[in-house]
file protein-v4.txt (compact mmCIF, C-alpha atoms)
# COMPACT_ATOMS: atom_id res chain seq x y z
CA SER A 1 50.99 55.83 -41.50
CA ALA A 2 51.24 55.17 -37.77
CA PRO A 3 54.56 54.01 -36.29
CA TYR A 4 54.96 50.24 -36.35
CA THR A 5 55.05 50.24 -32.56
CA LEU A 6 51.34 51.10 -32.70
CA GLN A 7 50.57 48.37 -35.25
CA TYR A 8 48.07 46.33 -33.26
CA HIS A 9 46.66 49.42 -31.58
CA ASN A 10 45.24 50.44 -34.94
CA ASN A 11 44.59 46.92 -36.25
CA TRP A 12 43.38 43.54 -35.05
CA ASP A 13 40.20 44.79 -33.40
CA PRO A 14 37.43 42.58 -31.97
CA ASP A 15 35.49 40.72 -34.66
CA PHE A 16 33.15 38.71 -32.45
CA THR A 17 30.72 39.51 -29.64
CA CYS A 18 30.23 37.53 -26.45
CA GLN A 19 26.88 38.75 -25.15
CA HIS A 20 27.77 38.15 -21.52
CA GLU A 21 31.51 38.75 -21.45
CA ARG A 22 32.75 39.62 -17.99
CA LYS A 23 35.84 41.18 -16.49
CA ILE A 24 37.36 38.75 -14.00
CA GLY A 25 39.86 39.63 -11.29
CA GLY A 26 39.06 43.28 -10.62
CA SER A 27 37.99 46.43 -12.44
CA SER A 28 41.24 48.30 -13.12
CA LEU A 29 42.46 49.28 -16.58
CA GLY A 30 45.85 47.84 -15.75
CA ASP A 31 47.52 44.57 -14.84
CA GLY A 32 45.49 41.72 -13.46
CA PRO A 33 41.88 41.54 -14.68
CA LYS A 34 41.01 39.71 -17.88
CA TRP A 35 37.85 39.62 -20.01
CA LEU A 36 36.22 36.19 -20.20
CA CYS A 37 33.62 35.15 -22.76
CA ASP A 38 30.29 34.18 -21.19
CA PRO A 39 31.65 32.62 -17.98
CA HIS A 40 28.23 31.13 -17.18
CA ARG A 41 28.76 28.76 -20.12
CA LEU A 42 32.09 27.45 -18.86
CA ALA A 43 30.82 24.84 -16.38
CA PRO A 44 28.13 23.40 -18.72
CA SER A 45 30.63 23.08 -21.58
CA ILE A 46 33.11 21.26 -19.33
CA LEU A 47 30.38 18.95 -18.07
CA TYR A 48 29.36 18.18 -21.65
CA ARG A 49 32.98 17.37 -22.51
CA GLN A 50 33.30 15.08 -19.50
CA GLN A 51 30.19 13.18 -20.56
CA HIS A 52 30.76 13.02 -24.29
CA GLN A 53 34.47 13.41 -25.02
CA ALA A 54 35.62 10.84 -27.51
CA THR A 55 39.19 9.66 -27.94
CA THR A 56 40.99 7.61 -30.55
CA THR A 57 43.43 6.19 -28.02
CA THR A 58 42.94 3.25 -25.70
CA GLU A 59 43.49 5.52 -22.71
CA THR A 60 40.84 8.17 -22.09
CA PRO A 61 42.46 11.46 -21.02
CA GLU A 62 41.22 13.37 -18.02
CA SER A 63 38.55 15.79 -19.25
CA GLY A 64 37.99 18.03 -16.23
CA CYS A 65 38.46 21.78 -16.07
CA LEU A 66 42.04 22.97 -16.61
CA ILE A 67 43.39 26.54 -16.52
CA TYR A 68 46.96 27.70 -17.10
CA SER A 69 48.03 31.11 -15.81
CA ILE A 70 51.44 32.23 -17.08
CA GLY A 71 52.78 35.18 -15.10
CA ILE A 72 51.72 36.79 -11.81
CA ASN A 73 51.07 40.51 -11.84
CA THR A 74 50.49 43.31 -9.34
CA ASP A 75 46.95 42.12 -8.53
CA GLY A 76 48.22 38.77 -7.32
CA LEU A 77 45.85 35.86 -7.85
CA ASN A 78 42.56 37.76 -7.92
CA PHE A 79 41.69 36.38 -11.35
CA GLU A 80 42.35 32.79 -10.32
CA HIS A 81 40.36 33.04 -7.08
CA GLU A 82 37.39 34.67 -8.80
CA ILE A 83 37.30 31.99 -11.50
CA LEU A 84 37.21 29.30 -8.83
CA ASP A 85 34.39 31.08 -7.01
CA LEU A 86 32.37 31.27 -10.21
CA LEU A 87 32.87 27.60 -10.99
CA HIS A 88 32.14 26.51 -7.43
CA LYS A 89 28.73 28.18 -7.70
CA ASP A 90 28.06 25.78 -10.56
CA ASP A 91 29.39 22.82 -8.52
CA MET A 92 32.42 22.65 -10.80
CA ASN A 93 35.98 22.41 -9.54
CA CYS A 94 38.97 23.31 -11.67
CA GLU A 95 42.71 22.74 -11.70
CA ILE A 96 44.51 26.07 -12.00
CA HIS A 97 48.25 26.02 -12.59
CA VAL A 98 50.17 29.27 -12.07
CA PHE A 99 53.68 29.78 -13.45
CA GLU A 100 56.16 32.42 -12.29
CA PRO A 101 59.94 32.04 -11.97
CA GLU A 102 61.19 32.34 -8.41
CA ASN A 103 63.09 35.54 -7.69
CA GLU A 104 63.29 38.14 -4.95
CA LYS A 105 59.73 39.28 -5.64
CA PHE A 106 58.04 35.93 -6.08
CA ASN A 107 59.11 32.97 -4.01
CA ASN A 108 57.40 30.21 -2.12
CA GLU A 109 57.29 32.14 1.14
CA MET A 110 55.60 35.10 -0.53
CA ILE A 111 53.08 32.82 -2.19
CA LYS A 112 52.16 31.45 1.24
CA SER A 113 52.08 34.66 3.23
CA SER A 114 51.00 37.62 1.06
CA THR A 115 48.09 38.68 -1.12
CA LEU A 116 49.32 35.96 -3.45
CA SER A 117 48.45 33.34 -0.86
CA ILE A 118 46.91 30.05 -1.91
CA PRO A 119 44.65 28.55 0.80
CA GLU A 120 45.44 25.03 1.93
CA GLY A 121 43.38 22.56 -0.06
CA SER A 122 42.89 24.99 -2.95
CA SER A 123 42.97 23.64 -6.49
CA ILE A 124 45.38 26.44 -7.43
CA THR A 125 48.93 25.13 -7.78
CA PHE A 126 51.96 27.41 -8.01
CA HIS A 127 54.94 26.32 -10.09
CA PRO A 128 58.21 28.25 -9.58
CA TRP A 129 59.21 28.48 -13.23
CA GLY A 130 58.40 30.72 -16.17
CA ILE A 131 57.47 29.58 -19.67
CA LYS A 132 60.03 30.02 -22.43
CA GLY A 133 60.03 29.27 -26.14
CA SER A 134 60.90 25.72 -27.11
CA THR A 135 64.14 26.88 -28.77
CA ASP A 136 65.09 29.31 -26.00
CA VAL A 137 68.24 28.53 -23.99
CA LYS A 138 67.18 30.27 -20.77
CA ASP A 139 68.02 28.73 -17.38
CA PRO A 140 66.17 25.34 -17.44
CA TYR A 141 65.60 25.48 -13.67
CA ARG A 142 63.79 28.83 -13.74
CA PHE A 143 62.21 28.44 -17.19
CA LYS A 144 60.62 25.50 -19.02
CA SER A 145 59.00 25.30 -22.42
CA PHE A 146 55.25 24.91 -22.79
CA GLN A 147 55.77 21.39 -24.10
CA ASP A 148 58.06 20.40 -21.22
CA THR A 149 55.54 21.80 -18.75
CA ILE A 150 52.68 19.81 -20.29
CA ASN A 151 54.78 16.64 -20.13
CA LEU A 152 56.02 17.27 -16.59
CA LEU A 153 52.49 17.84 -15.26
CA LYS A 154 51.16 14.89 -17.29
CA HIS A 155 48.53 17.01 -19.01
CA ASN A 156 49.06 15.34 -22.39
CA GLY A 157 45.72 14.83 -24.11
CA ARG A 158 43.93 17.42 -21.96
CA ASP A 159 42.00 20.44 -23.17
CA ILE A 160 43.00 23.75 -21.59
CA ASP A 161 39.83 25.71 -20.95
CA ILE A 162 41.54 29.04 -20.30
CA LEU A 163 45.10 30.11 -21.01
CA LYS A 164 45.90 33.39 -19.23
CA VAL A 165 49.18 35.01 -20.22
CA ASP A 166 50.82 38.10 -18.73
CA CYS A 167 54.54 37.51 -18.88
CA LYS A 168 56.01 40.81 -20.11
CA MET A 169 57.03 39.97 -23.70
CA CYS A 170 57.36 36.19 -23.42
CA GLU A 171 54.10 35.88 -25.39
CA TRP A 172 55.96 36.65 -28.63
CA ASN A 173 58.32 33.69 -28.06
CA ILE A 174 55.88 31.02 -26.94
CA TYR A 175 52.67 31.35 -28.97
CA HIS A 176 53.59 28.77 -31.62
CA ASP A 177 54.20 26.25 -28.84
CA TRP A 178 50.57 26.56 -27.68
CA PHE A 179 49.46 24.79 -30.86
CA ASP A 180 52.24 22.26 -31.36
CA VAL A 181 49.95 19.30 -30.77
CA GLY A 182 52.60 16.85 -31.90
CA LYS A 183 54.77 17.75 -28.92
CA THR A 184 52.19 18.63 -26.26
CA GLY A 185 49.24 16.41 -27.13
CA ILE A 186 46.95 19.23 -25.97
CA GLY A 187 43.47 18.88 -27.46
CA HIS A 188 42.66 22.55 -27.77
CA ILE A 189 42.71 25.79 -25.82
CA GLY A 190 39.24 27.26 -25.34
CA GLN A 191 40.02 30.90 -24.48
CA ILE A 192 43.32 32.76 -24.61
CA LEU A 193 43.50 35.90 -22.47
CA VAL A 194 46.81 37.65 -23.10
CA GLU A 195 48.39 41.01 -22.54
CA VAL A 196 50.73 41.88 -25.40
CA HIS A 197 53.69 44.13 -24.71
CA GLY A 198 55.64 46.16 -27.22
CA SER A 199 55.41 45.39 -30.92
CA PRO A 200 58.35 43.37 -32.24
CA GLU A 201 58.15 43.97 -35.98
CA HIS A 202 59.40 40.54 -37.00
CA VAL A 203 56.67 38.64 -35.18
CA VAL A 204 53.67 40.78 -34.25
CA ASN A 205 51.61 40.15 -37.39
CA ASP A 206 52.41 36.44 -37.33
CA PHE A 207 51.12 36.26 -33.76
CA PHE A 208 47.67 37.46 -34.78
CA GLU A 209 47.68 35.64 -38.12
CA THR A 210 48.46 32.39 -36.30
CA LEU A 211 45.67 32.74 -33.76
CA VAL A 212 42.98 34.17 -36.02
CA ASN A 213 43.64 32.81 -39.50
CA GLU A 214 45.40 29.53 -38.78
CA GLN A 215 44.00 28.36 -35.46
CA GLY A 216 40.40 29.55 -35.73
CA TYR A 217 40.22 32.05 -32.87
CA VAL A 218 38.14 35.21 -32.86
CA ILE A 219 38.94 38.38 -30.93
CA PHE A 220 36.08 39.25 -28.59
CA HIS A 221 37.76 41.92 -26.49
CA LYS A 222 40.61 44.42 -26.69
CA GLU A 223 41.53 46.90 -23.97
CA ALA A 224 44.50 49.21 -23.49
CA ASN A 225 46.45 49.02 -20.24
CA THR A 226 46.30 52.70 -19.33
CA GLU A 227 47.21 52.29 -15.66
CA PHE A 228 50.84 51.21 -15.98
CA TYR A 229 51.97 51.48 -19.59
CA GLY A 230 50.17 54.53 -20.93
CA GLY A 231 48.17 52.37 -23.31
CA ASN A 232 51.26 50.92 -24.98
CA CYS A 233 50.20 47.39 -23.97
CA GLN A 234 46.91 45.80 -24.89
CA GLU A 235 44.75 43.14 -23.27
CA TYR A 236 43.37 40.72 -25.86
CA SER A 237 40.80 37.99 -25.41
CA PHE A 238 40.51 35.20 -27.97
CA LEU A 239 37.85 32.50 -28.25
CA LYS A 240 38.30 29.22 -30.12
CA LEU A 241 35.46 28.41 -32.52
CA ARG A 242 34.70 25.29 -34.51
CA ARG A 243 36.06 25.31 -38.05
CA ASP A 244 32.60 25.01 -39.58
CA PHE A 245 31.63 28.33 -37.96
CA PHE A 246 33.72 30.03 -40.65
CA SER A 247 32.12 28.04 -43.49
CA SER A 248 29.23 29.37 -45.55
CA ASP A 249 27.57 25.98 -45.06
CA TYR A 250 27.25 26.79 -41.33
CA TYR A 251 24.98 29.73 -42.12
CA ASN A 252 23.08 27.99 -44.90
CA ARG A 253 22.36 24.83 -42.93
CA GLY A 254 18.75 25.83 -42.22
CA THR A 255 17.90 26.74 -45.81
call {"tool": "encode", "arguments": {"input": "protein-v4.txt", "output": "structure tokens"}}
result
Amino acid sequence: SAPYTLQYHNNWDPDFTCQHERKIGGSSLGDGPKWLCDPHRLAPSILYRQQHQATTTTETPESGCLIYSIGINTDGLNFEHEILDLLHKDDMNCEIHVFEPENEKFNNEMIKSSTLSIPEGSSITFHPWGIKGSTDVKDPYRFKSFQDTINLLKHNGRDIDILKVDCKMCEWNIYHDWFDVGKTGIGHIGQILVEVHGSPEHVVNDFFETLVNEQGYVIFHKEANTEFYGGNCQEYSFLKLRRDFFSSDYYNRGT
């Protein structure tokens, strides 16, 4: 059999098709671009949620577009800017929150003055901390848990439309936190676009089992990063589907 380090290279292939999937943020087979499922449907689905979202609490949570981007890569913020351009064409604005711990490479001055620049008045907000696992003891000034970030930004009760993750191995430590509704209050995450790095034997299968079998996501795209890592890292795109999609009743409803 293949070495365990190639486990998800030979398994966990796409099991769902988005007819109009699109690569956002460039065309390279390396860091930066991500595949998005049917981006033309994003604005209408957000508008529908804004008009029809129901809540069981006395306070109605904000229901506008929300994107989290964990990790900045060599292509800067091309993905984030292109998403905004697409949504603006549909008269839809979106909050985009970018997370990267400050260091010699990424700091506030660089964010303002380089290809990572965020124009004044943009709805992209840079936060100078990385995301760590909820039980991780990393420096609390440079790293915060997903739950702490949600609470700090007052996004409790919100849906995250897109979660983009490229944080060089942190994905294996934080994925359970994405779904810990009791601590975050997050409604759901619509699409998860993540580059996975390495293949830690103790967790890699659980990562995919959690997303696909427990949380109801399908894999609609998989692409090797051949530009920087010789194909040893893979870009995955997951789409959240309703639970009844997986029920036989869903397909028999017209009979």
call {"tool": "residues_around", "arguments": {"input": "protein-v4.txt", "residues": "Lys144 of chain A", "least_positions_apart": "5", "cutoff": "10 Å", "atoms": "all atoms listed in the file", "output": "ChimeraX atom specification"}}
result
/A:99,101,129-134,136-139,149-150,152
call {"tool": "closest_residue", "arguments": {"input": "protein-v4.txt", "among": "A:Leu42, A:Val98, A:Met92, A:Val203", "to": "Met169 of chain A", "atoms": "all atoms listed in the file"}}
result
A:Val203
call {"tool": "residues_around", "arguments": {"input": "protein-v4.txt", "residues": "Ile186 of chain A", "least_positions_apart": "4", "cutoff": "8 Å", "atoms": "all atoms listed in the file", "output": "count of residues only"}}
result
8
call {"tool": "closest_atom_pairs", "arguments": {"input": "protein-v4.txt", "of": "segment 206-237 of chain A", "to": "segment 24-34 of chain A", "cutoff": "6 Å", "atoms": "only C-alpha atoms", "output": "Markdown table"}}
result
| residue | atom | partner | partner_atom | distance |
| --- | --- | --- | --- | --- |
| A:Asn225 | CA | A:Gly30 | CA | 4.7 |
| A:Thr226 | CA | A:Leu29 | CA | 5.8 |
| A:Glu227 | CA | A:Gly30 | CA | 4.7 |
call {"tool": "atom_distance", "arguments": {"input": "protein-v4.txt", "atom1": "atom CA of Thr135 of chain A", "atom2": "atom CA of Glu214 of chain A"}}
result
21.4 Å
call {"tool": "residues_around", "arguments": {"input": "protein-v4.txt", "residues": "Trp178 of chain A", "least_positions_apart": "6", "cutoff": "12 Å", "atoms": "only C-alpha atoms", "output": "compact mmCIF listing (two decimals) with C-alpha atoms, keeping the file's coordinate frame"}}
result
# COMPACT_ATOMS: atom_id res chain seq x y z
CA TYR A 68 46.96 27.70 -17.10
CA ILE A 131 57.47 29.58 -19.67
CA LYS A 132 60.03 30.02 -22.43
CA GLY A 133 60.03 29.27 -26.14
CA SER A 134 60.90 25.72 -27.11
CA SER A 145 59.00 25.30 -22.42
CA PHE A 146 55.25 24.91 -22.79
CA GLN A 147 55.77 21.39 -24.10
CA ASP A 148 58.06 20.40 -21.22
CA THR A 149 55.54 21.80 -18.75
CA ILE A 150 52.68 19.81 -20.29
CA ASP A 159 42.00 20.44 -23.17
CA ILE A 160 43.00 23.75 -21.59
CA ILE A 162 41.54 29.04 -20.30
CA LEU A 163 45.10 30.11 -21.01
CA LYS A 164 45.90 33.39 -19.23
CA VAL A 165 49.18 35.01 -20.22
CA GLU A 171 54.10 35.88 -25.39
CA TRP A 172 55.96 36.65 -28.63
CA THR A 184 52.19 18.63 -26.26
CA GLY A 185 49.24 16.41 -27.13
CA ILE A 186 46.95 19.23 -25.97
CA GLY A 187 43.47 18.88 -27.46
CA HIS A 188 42.66 22.55 -27.77
CA ILE A 189 42.71 25.79 -25.82
CA GLY A 190 39.24 27.26 -25.34
CA GLN A 191 40.02 30.90 -24.48
CA ILE A 192 43.32 32.76 -24.61
CA PHE A 207 51.12 36.26 -33.76
CA THR A 210 48.46 32.39 -36.30
CA LEU A 211 45.67 32.74 -33.76
CA GLN A 215 44.00 28.36 -35.46
call {"tool": "atom_distance", "arguments": {"input": "protein-v4.txt", "atom1": "atom CA of Pro119 of chain A", "atom2": "atom CA of Gly76 of chain A"}}
result
13.5 Å
call {"tool": "atom_distance", "arguments": {"input": "protein-v4.txt", "atom1": "atom CA of Lys154 of chain A", "atom2": "atom CA of Cys94 of chain A"}}
result
15.8 Å
call {"tool": "closest_residue", "arguments": {"input": "protein-v4.txt", "among": "A:Ser199, A:Ser45, A:Gln19, A:Asn10", "to": "Lys168 of chain A", "atoms": "all atoms listed in the file"}}
result
A:Ser199
call {"tool": "closest_residue", "arguments": {"input": "protein-v4.txt", "among": "A:Glu209, A:Thr125, A:Ala43, A:Gly216", "to": "His88 of chain A", "atoms": "only C-alpha atoms"}}
result
A:Ala43
call {"tool": "closest_residue", "arguments": {"input": "protein-v4.txt", "among": "A:His127, A:His97, A:Lys89, A:Lys23", "to": "Cys37 of chain A", "atoms": "all atoms listed in the file"}}
result
A:Lys23
call {"tool": "residues_around", "arguments": {"input": "protein-v4.txt", "residues": "Ile46 of chain A", "least_positions_apart": "3", "cutoff": "8 Å", "atoms": "all atoms listed in the file", "output": "ChimeraX atom specification"}}
result
/A:42-43,49-50,63-65
